[in-house]
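Just model24.json here, JSON, C-alpha atoms:
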```json
[["chain", "number", "residue", "atom", "x", "y", "z"],
["L", 1, "MET", "CA", 113.03, 94.30, 107.46],
["L", 2, "GLU", "CA", 114.44, 94.86, 103.99],
["L", 3, "ILE", "CA", 112.79, 97.43, 101.74],
["L", 4, "LEU", "CA", 113.24, 97.01, 98.00],
["L", 5, "VAL", "CA", 112.02, 99.82, 95.76],
["L", 6, "VAL", "CA", 111.61, 99.13, 92.04],
["L", 7, "LYS", "CA", 110.56, 101.37, 89.20],
["L", 8, "ASP", "CA", 107.03, 100.22, 88.48],
["L", 9, "TYR", "CA", 104.47, 97.44, 88.71],
["L", 10, "GLN", "CA", 106.08, 95.39, 85.96],
["L", 11, "ALA", "CA", 109.43, 95.44, 87.74],
["L", 12, "LEU", "CA", 107.71, 94.57, 91.02],
["L", 13, "SER", "CA", 105.99, 91.56, 89.44],
["L", 14, "GLU", "CA", 109.25, 90.36, 87.90],
["L", 15, "LYS", "CA", 111.21, 90.66, 91.15],
["L", 16, "ALA", "CA", 108.46, 88.99, 93.18],
["L", 17, "ALA", "CA", 108.37, 86.05, 90.74],
["L", 18, "LEU", "CA", 112.15, 85.66, 91.04],
["L", 19, "ILE", "CA", 111.90, 85.56, 94.85],
["L", 20, "VAL", "CA", 109.18, 82.90, 94.67],
["L", 21, "THR", "CA", 111.20, 80.93, 92.12],
["L", 22, "GLU", "CA", 114.24, 80.94, 94.38],
["L", 23, "GLU", "CA", 112.12, 79.63, 97.25],
["L", 24, "ILE", "CA", 110.72, 76.82, 95.11],
["L", 25, "LYS", "CA", 114.12, 75.75, 93.85],
["L", 26, "GLN", "CA", 115.69, 75.74, 97.33],
["L", 27, "HIS", "CA", 113.37, 73.11, 98.82],
["L", 28, "ASN", "CA", 112.27, 69.58, 97.99],
["L", 29, "MET", "CA", 108.70, 70.38, 99.05],
["L", 30, "PRO", "CA", 108.33, 74.16, 99.22],
["L", 31, "VAL", "CA", 105.35, 75.51, 101.14],
["L", 32, "LEU", "CA", 104.04, 78.85, 99.90],
["L", 33, "GLY", "CA", 101.50, 81.14, 101.50],
["L", 34, "LEU", "CA", 99.59, 82.85, 98.69],
["L", 35, "ALA", "CA", 97.65, 86.09, 98.40],
["L", 36, "THR", "CA", 94.98, 87.28, 96.00],
["L", 37, "GLY", "CA", 93.98, 90.72, 94.77],
["L", 38, "SER", "CA", 95.24, 92.86, 91.92],
["L", 39, "THR", "CA", 98.79, 93.32, 93.24],
["L", 40, "PRO", "CA", 100.06, 89.71, 92.86],
["L", 41, "GLU", "CA", 98.41, 89.16, 89.47],
["L", 42, "GLY", "CA", 101.53, 90.22, 87.58],
["L", 43, "MET", "CA", 103.69, 87.94, 89.73],
["L", 44, "TYR", "CA", 101.45, 84.97, 88.96],
["L", 45, "ALA", "CA", 101.51, 85.77, 85.25],
["L", 46, "ARG", "CA", 105.30, 85.80, 85.31],
["L", 47, "LEU", "CA", 105.42, 82.48, 87.21],
["L", 48, "VAL", "CA", 103.15, 80.90, 84.60],
["L", 49, "GLU", "CA", 105.40, 82.25, 81.86],
["L", 50, "MET", "CA", 108.44, 80.75, 83.56],
["L", 51, "PHE", "CA", 106.67, 77.40, 83.87],
["L", 52, "ASN", "CA", 105.75, 77.47, 80.17],
["L", 53, "ASN", "CA", 109.42, 78.09, 79.36],
["L", 54, "ASN", "CA", 110.42, 75.02, 81.42],
["L", 55, "LEU", "CA", 112.15, 77.21, 84.02],
["L", 56, "LEU", "CA", 109.95, 76.22, 86.95],
["L", 57, "ASP", "CA", 108.34, 73.05, 88.31],
["L", 58, "PHE", "CA", 105.34, 73.18, 90.65],
["L", 59, "SER", "CA", 104.87, 69.42, 91.04],
["L", 60, "SER", "CA", 106.12, 69.36, 94.65],
["L", 61, "VAL", "CA", 104.82, 72.79, 95.72],
["L", 62, "VAL", "CA", 102.30, 73.00, 98.57],
["L", 63, "THR", "CA", 100.21, 76.17, 98.92],
["L", 64, "PHE", "CA", 98.01, 77.74, 101.58],
["L", 65, "ASN", "CA", 95.98, 80.80, 100.71],
["L", 66, "LEU", "CA", 95.60, 83.60, 103.21],
["L", 67, "ASP", "CA", 91.88, 84.02, 103.02],
["L", 68, "GLU", "CA", 88.54, 83.58, 101.31],
["L", 69, "TYR", "CA", 85.18, 85.31, 101.40],
["L", 70, "ALA", "CA", 82.64, 83.61, 103.64],
["L", 71, "GLY", "CA", 79.44, 82.59, 101.89],
["L", 72, "LEU", "CA", 80.79, 82.42, 98.33],
["L", 73, "SER", "CA", 80.94, 79.02, 96.68],
["L", 74, "PRO", "CA", 84.38, 78.01, 95.35],
["L", 75, "ASP", "CA", 83.10, 78.28, 91.77],
["L", 76, "HIS", "CA", 81.83, 81.85, 92.20],
["L", 77, "PRO", "CA", 83.81, 84.01, 89.73],
["L", 78, "GLN", "CA", 84.87, 86.39, 92.52],
["L", 79, "SER", "CA", 85.87, 83.71, 95.01],
["L", 80, "TYR", "CA", 89.55, 83.38, 95.76],
["L", 81, "HIS", "CA", 89.32, 79.74, 94.69],
["L", 82, "SER", "CA", 88.39, 80.97, 91.21],
["L", 83, "PHE", "CA", 91.08, 83.65, 91.32],
["L", 84, "MET", "CA", 93.85, 81.17, 92.09],
["L", 85, "HIS", "CA", 92.75, 78.73, 89.40],
["L", 86, "ARG", "CA", 92.34, 81.53, 86.87],
["L", 87, "HIS", "CA", 95.72, 83.12, 87.53],
["L", 88, "LEU", "CA", 97.95, 80.20, 88.54],
["L", 89, "PHE", "CA", 96.70, 76.72, 89.36],
["L", 90, "ASP", "CA", 95.10, 75.94, 85.98],
["L", 91, "HIS", "CA", 98.28, 76.93, 84.13],
["L", 92, "VAL", "CA", 101.02, 75.03, 85.99],
["L", 93, "ASN", "CA", 101.66, 71.45, 87.08],
["L", 94, "ILE", "CA", 100.70, 71.91, 90.72],
["L", 95, "MET", "CA", 98.84, 68.99, 92.31],
["L", 96, "VAL", "CA", 95.30, 69.96, 93.29],
["L", 97, "GLU", "CA", 95.58, 68.06, 96.58],
["L", 98, "ASN", "CA", 98.54, 70.27, 97.49],
["L", 99, "THR", "CA", 96.52, 73.49, 97.21],
["L", 100, "HIS", "CA", 94.60, 74.78, 100.21],
["L", 101, "ILE", "CA", 92.15, 77.69, 100.27],
["L", 102, "PRO", "CA", 89.82, 78.41, 103.21],
["L", 103, "HIS", "CA", 86.28, 77.14, 102.63],
["L", 104, "CYS", "CA", 84.28, 75.47, 105.37],
["L", 105, "GLY", "CA", 81.12, 74.60, 103.43],
["L", 106, "ASP", "CA", 78.66, 73.12, 105.93],
["L", 107, "GLN", "CA", 81.40, 72.46, 108.49],
["L", 108, "ASN", "CA", 81.53, 74.35, 111.77],
["L", 109, "ILE", "CA", 83.63, 77.45, 111.08],
["L", 110, "SER", "CA", 85.65, 77.29, 114.29],
["L", 111, "GLU", "CA", 86.56, 73.65, 113.73],
["L", 112, "PHE", "CA", 87.45, 74.33, 110.10],
["L", 113, "CYS", "CA", 89.75, 77.15, 111.15],
["L", 114, "ARG", "CA", 91.54, 74.90, 113.64],
["L", 115, "GLU", "CA", 91.95, 72.24, 110.96],
["L", 116, "TYR", "CA", 93.41, 74.81, 108.56],
["L", 117, "ASP", "CA", 96.04, 75.80, 111.11],
["L", 118, "ARG", "CA", 96.80, 72.15, 111.82],
["L", 119, "ALA", "CA", 97.24, 71.48, 108.10],
["L", 120, "ILE", "CA", 99.78, 74.30, 107.86],
["L", 121, "SER", "CA", 101.71, 72.83, 110.79],
["L", 122, "ALA", "CA", 101.52, 69.32, 109.33],
["L", 123, "ALA", "CA", 103.06, 70.62, 106.10],
["L", 124, "GLY", "CA", 106.03, 71.91, 108.07],
["L", 125, "GLY", "CA", 104.91, 75.51, 108.21],
["L", 126, "ILE", "CA", 104.95, 78.14, 105.49],
["L", 127, "GLY", "CA", 108.37, 78.78, 103.99],
["L", 128, "LEU", "CA", 107.49, 81.96, 102.11],
["L", 129, "GLN", "CA", 104.35, 83.97, 102.76],
["L", 130, "ILE", "CA", 103.23, 86.39, 100.04],
["L", 131, "LEU", "CA", 101.23, 89.36, 101.30],
["L", 132, "GLY", "CA", 99.43, 92.31, 99.82],
["L", 133, "ILE", "CA", 98.30, 95.23, 101.92],
["L", 134, "GLY", "CA", 95.04, 97.11, 102.13],
["L", 135, "GLY", "CA", 94.83, 100.86, 102.15],
["L", 136, "ASN", "CA", 93.90, 100.63, 105.84],
["L", 137, "GLY", "CA", 96.90, 98.41, 106.56],
["L", 138, "HIS", "CA", 95.11, 95.06, 106.70],
["L", 139, "ILE", "CA", 96.97, 91.92, 105.67],
["L", 140, "GLY", "CA", 94.93, 88.91, 104.76],
["L", 141, "PHE", "CA", 91.63, 90.07, 106.17],
["L", 142, "ASN", "CA", 93.11, 91.00, 109.54],
["L", 143, "GLU", "CA", 91.38, 94.33, 109.89],
["L", 144, "PRO", "CA", 92.37, 97.30, 112.10],
["L", 145, "GLY", "CA", 90.90, 97.16, 115.59],
["L", 146, "ARG", "CA", 91.60, 96.96, 119.29],
["L", 147, "PHE", "CA", 92.63, 93.31, 119.02],
["L", 148, "LEU", "CA", 94.18, 91.00, 116.42],
["L", 149, "SER", "CA", 93.50, 87.26, 116.28],
["L", 150, "VAL", "CA", 96.38, 84.82, 116.37],
["L", 151, "TYR", "CA", 94.78, 81.92, 114.53],
["L", 152, "THR", "CA", 92.68, 81.42, 111.40],
["L", 153, "HIS", "CA", 89.26, 82.91, 112.08],
["L", 154, "LEU", "CA", 86.06, 84.43, 110.75],
["L", 155, "VAL", "CA", 86.20, 88.21, 110.46],
["L", 156, "GLU", "CA", 83.73, 91.01, 109.83],
["L", 157, "LEU", "CA", 85.03, 93.17, 106.99],
["L", 158, "THR", "CA", 85.26, 96.91, 107.47],
["L", 159, "GLU", "CA", 83.30, 99.26, 105.26],
["L", 160, "GLU", "CA", 86.61, 100.52, 103.84],
["L", 161, "THR", "CA", 87.58, 97.01, 102.76],
["L", 162, "ILE", "CA", 84.12, 96.30, 101.37],
["L", 163, "LYS", "CA", 84.27, 99.53, 99.36],
["L", 164, "ALA", "CA", 87.76, 98.73, 98.06],
["L", 165, "ASN", "CA", 86.69, 95.24, 96.97],
["L", 166, "SER", "CA", 83.43, 96.38, 95.40],
["L", 167, "ARG", "CA", 85.27, 97.08, 92.13],
["L", 168, "PHE", "CA", 85.34, 93.32, 91.58],
["L", 169, "PHE", "CA", 81.55, 92.97, 91.97],
["L", 170, "ASP", "CA", 78.58, 94.39, 90.10],
["L", 171, "SER", "CA", 77.63, 96.49, 93.13],
["L", 172, "PRO", "CA", 78.83, 97.07, 96.72],
["L", 173, "ARG", "CA", 75.77, 95.16, 97.97],
["L", 174, "GLU", "CA", 77.16, 91.96, 96.44],
["L", 175, "VAL", "CA", 80.45, 92.11, 98.35],
["L", 176, "PRO", "CA", 80.49, 89.57, 101.20],
["L", 177, "ARG", "CA", 80.57, 91.10, 104.67],
["L", 178, "GLN", "CA", 82.63, 88.29, 106.22],
["L", 179, "ALA", "CA", 85.74, 86.34, 105.36],
["L", 180, "ILE", "CA", 87.88, 83.52, 106.73],
["L", 181, "THR", "CA", 91.48, 84.59, 107.14],
["L", 182, "MET", "CA", 94.74, 83.33, 108.57],
["L", 183, "GLY", "CA", 95.47, 85.09, 111.83],
["L", 184, "MET", "CA", 98.53, 87.14, 112.61],
["L", 185, "GLY", "CA", 100.16, 84.17, 114.32],
["L", 186, "SER", "CA", 99.79, 82.02, 111.21],
["L", 187, "ILE", "CA", 101.36, 84.77, 109.12],
["L", 188, "MET", "CA", 104.15, 85.58, 111.56],
["L", 189, "HIS", "CA", 105.18, 81.93, 111.85],
["L", 190, "ALA", "CA", 106.21, 81.84, 108.18],
["L", 191, "SER", "CA", 109.97, 81.49, 107.74],
["L", 192, "LYS", "CA", 110.04, 84.39, 105.28],
["L", 193, "ILE", "CA", 107.51, 87.05, 104.33],
["L", 194, "LEU", "CA", 107.26, 89.03, 101.09],
["L", 195, "LEU", "CA", 104.97, 92.07, 101.24],
["L", 196, "LEU", "CA", 104.00, 93.58, 97.89],
["L", 197, "ALA", "CA", 102.55, 97.04, 97.28],
["L", 198, "SER", "CA", 102.03, 99.14, 94.18],
["L", 199, "GLY", "CA", 100.56, 102.59, 93.63],
["L", 200, "ASN", "CA", 100.12, 105.89, 95.45],
["L", 201, "ASN", "CA", 97.03, 104.59, 97.23],
["L", 202, "LYS", "CA", 99.25, 102.21, 99.24],
["L", 203, "ALA", "CA", 101.93, 104.79, 100.12],
["L", 204, "SER", "CA", 100.49, 105.81, 103.49],
["L", 205, "ALA", "CA", 99.97, 102.20, 104.62],
["L", 206, "ILE", "CA", 103.50, 101.27, 103.59],
["L", 207, "GLN", "CA", 105.00, 104.27, 105.38],
["L", 208, "LYS", "CA", 103.20, 103.29, 108.59],
["L", 209, "THR", "CA", 104.13, 99.62, 108.14],
["L", 210, "VAL", "CA", 107.86, 100.43, 108.25],
["L", 211, "SER", "CA", 107.65, 103.39, 110.64],
["L", 212, "GLY", "CA", 109.04, 101.72, 113.75],
["L", 213, "ILE", "CA", 105.66, 102.00, 115.49],
["L", 214, "ILE", "CA", 103.44, 98.95, 115.99],
["L", 215, "SER", "CA", 99.69, 99.24, 116.40],
["L", 216, "THR", "CA", 96.67, 96.99, 115.96],
["L", 217, "ASP", "CA", 95.18, 99.98, 114.16],
["L", 218, "LEU", "CA", 97.55, 99.05, 111.32],
["L", 219, "PRO", "CA", 97.93, 95.24, 111.33],
["L", 220, "ALA", "CA", 100.77, 95.25, 108.79],
["L", 221, "SER", "CA", 102.94, 97.14, 111.29],
["L", 222, "MET", "CA", 103.26, 93.84, 113.20],
["L", 223, "LEU", "CA", 105.56, 92.63, 110.43],
["L", 224, "GLN", "CA", 108.30, 94.77, 111.95],
["L", 225, "LEU", "CA", 108.62, 92.05, 114.61],
["L", 226, "HIS", "CA", 109.38, 89.32, 112.08],
["L", 227, "HIS", "CA", 112.98, 88.26, 111.53],
["L", 228, "ASN", "CA", 112.85, 87.96, 107.72],
["L", 229, "VAL", "CA", 110.53, 90.36, 105.90],
["L", 230, "THR", "CA", 111.06, 91.85, 102.46],
["L", 231, "VAL", "CA", 108.88, 94.83, 101.56],
["L", 232, "LEU", "CA", 108.82, 95.05, 97.77],
["L", 233, "VAL", "CA", 107.25, 98.26, 96.50],
["L", 234, "ASP", "CA", 107.21, 100.37, 93.37],
["L", 235, "GLN", "CA", 108.21, 104.02, 93.45],
["L", 236, "ASP", "CA", 104.66, 105.24, 93.91],
["L", 237, "ALA", "CA", 104.03, 103.01, 96.94],
["L", 238, "ALA", "CA", 107.41, 104.02, 98.37],
["L", 239, "SER", "CA", 106.84, 107.75, 97.93],
["L", 240, "LEU", "CA", 106.39, 108.44, 101.66],
["L", 241, "ILE", "CA", 109.29, 106.39, 102.99],
["L", 242, "ASN", "CA", 113.07, 106.60, 102.89],
["L", 243, "SER", "CA", 113.98, 104.10, 100.16],
["L", 244, "SER", "CA", 117.24, 103.30, 101.93],
["L", 245, "GLY", "CA", 115.22, 101.07, 104.26],
["L", 246, "ASN", "CA", 115.42, 100.62, 108.01]]
```

Could you express the structure from this file as structure tokens?
Amino acid sequence: MEILVVKDYQALSEKAALIVTEEIKQHNMPVLGLATGSTPEGMYARLVEMFNNNLLDFSSVVTFNLDEYAGLSPDHPQSYHSFMHRHLFDHVNIMVENTHIPHCGDQNISEFCREYDRAISAAGGIGLQILGIGGNGHIGFNEPGRFLSVYTHLVELTEETIKANSRFFDSPREVPRQAITMGMGSIMHASKILLLASGNNKASAIQKTVSGIISTDLPASMLQLHHNVTVLVDQDAASLINSSGN
């Protein structure tokens, strides 16, 4: 696990975009695992800027998003479908058929989840998985608990996660209580993982993520078992760890 500490959110976004760019340029058909939320927004903005300056080509890129709220239509303004189109897909030359975001519609949820995992495998697996982290240590929507699921699945969101996400909705009552998320196995099978965190409110979760202790009570701690993880944090998020890494 490599820990990179940068000055601030702007520097984090720039470095993350460079890592993604390197991954895209290294492969004929790069497969990216994408995350939503406020942390990767700056990275996506920088990637769009690089595309507009003819420094990046998304025409052969394949993407799989980590998660999506259950019960929201893809065109809902707070759906992760809308997020990805608003921040990236509508601004670059990615092929729509190469983008994948969990949404089962009227399909059986369990069967949809199996198909999502099969689609990842059929694409050759994820080359670079982008992750954010929740204040409670969740990645994707893999929430703290006694057990963690291996495969893509339906999850009940914790009250802490619902509260954290309520800032994107008019009221906490509007926040969905369930989500479809890649499981820990799907995430851990990625060739490389890039975990992003910014701000003092993520410092405790980051410290526990790199602590050398693994617990289902902090799902992100499982990343310590992966062979190629980069933890990219700003100084605030790194405030409780030794920036020399481990």

With region 131-144 of chain L as the partner and 10 Å as the cut-off, tabulate the residues of region 17-36 of chain L that qualify, each row holding the nearest pair of atoms and their distance in Å to one decimal, using all atoms listed in the file, sorted by chain and rising number, as a tab-separated table.
```
residue	atom	partner	partner_atom	distance
L:Gly33	CA	L:Leu131	CA	8.2
L:Leu34	CA	L:Leu131	CA	7.2
L:Ala35	CA	L:Leu131	CA	5.6
L:Thr36	CA	L:Gly132	CA	7.7
```

Would you tabulate, counting only C-alpha atoms, all residues of region 210-241 of chain L that have an atom at most 6 Å from an atom of region 197-206 of chain L, showing the closest pair of atoms and their distance in Å to one decimal, sorted by chain then ascending number, as CSV?
```
residue,atom,partner,partner_atom,distance
L:Val233,CA,L:Ala197,CA,4.9
L:Asp234,CA,L:Ser198,CA,5.4
L:Asp236,CA,L:Asn200,CA,4.8
L:Ala237,CA,L:Ala203,CA,4.2
L:Ala238,CA,L:Ala203,CA,5.8
L:Leu240,CA,L:Ala203,CA,6.0
```

Counting all atoms listed in the file, figure out which residue out of L:Ala179, L:Ile214, L:Tyr116, L:Phe168 gets nearest to Pro77 (chain L).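 For Pro77 (chain L), the nearest of the candidates is L:Phe168.
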
My list of candidates is L:Tyr44, L:Tyr9, L:Tyr151, L:Tyr69. Which is closest to Met84 (chain L) when distances are computed with all atoms listed in the file?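 Answer, going by the shortest atom-to-atom distance: L:Tyr44.
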
Between CA of His189 (chain L) and CA of Glu22 (chain L), distance in Å (one decimal):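 About the pair CA of His189 (chain L) and CA of Glu22 (chain L): they are 19.7 Å apart.
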
Residue neighbourhood His153 (chain L), 10 Å, only C-alpha atoms, exclusion window fewer than 4 positions, as number ranges by chain: L: 67, 102, 109-114, 116-117, 141-142, 149, 179-183

Nearest to Val175 (chain L) among L:Gly124, L:Gly71, L:Pro219, L:Gly42, with distances taken over only C-alpha atoms: which residue is it? L:Gly71

Residues within 6 Å of region 57-60 of chain L, please, as a PDB file with C-alpha atoms, in the coordinates of the input. Count all atoms listed in the file; anything in the same chain fewer than 2 positions from it doesn't count.
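Output file part08.pdb is given in full below:
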```
ATOM      1  CA  MET L  29     108.700  70.380  99.050  1.00  0.00           C
ATOM      2  CA  ASN L  93     101.660  71.450  87.080  1.00  0.00           C
ATOM      3  CA  ILE L  94     100.700  71.910  90.720  1.00  0.00           C
TER       4      ILE L  94
END
```
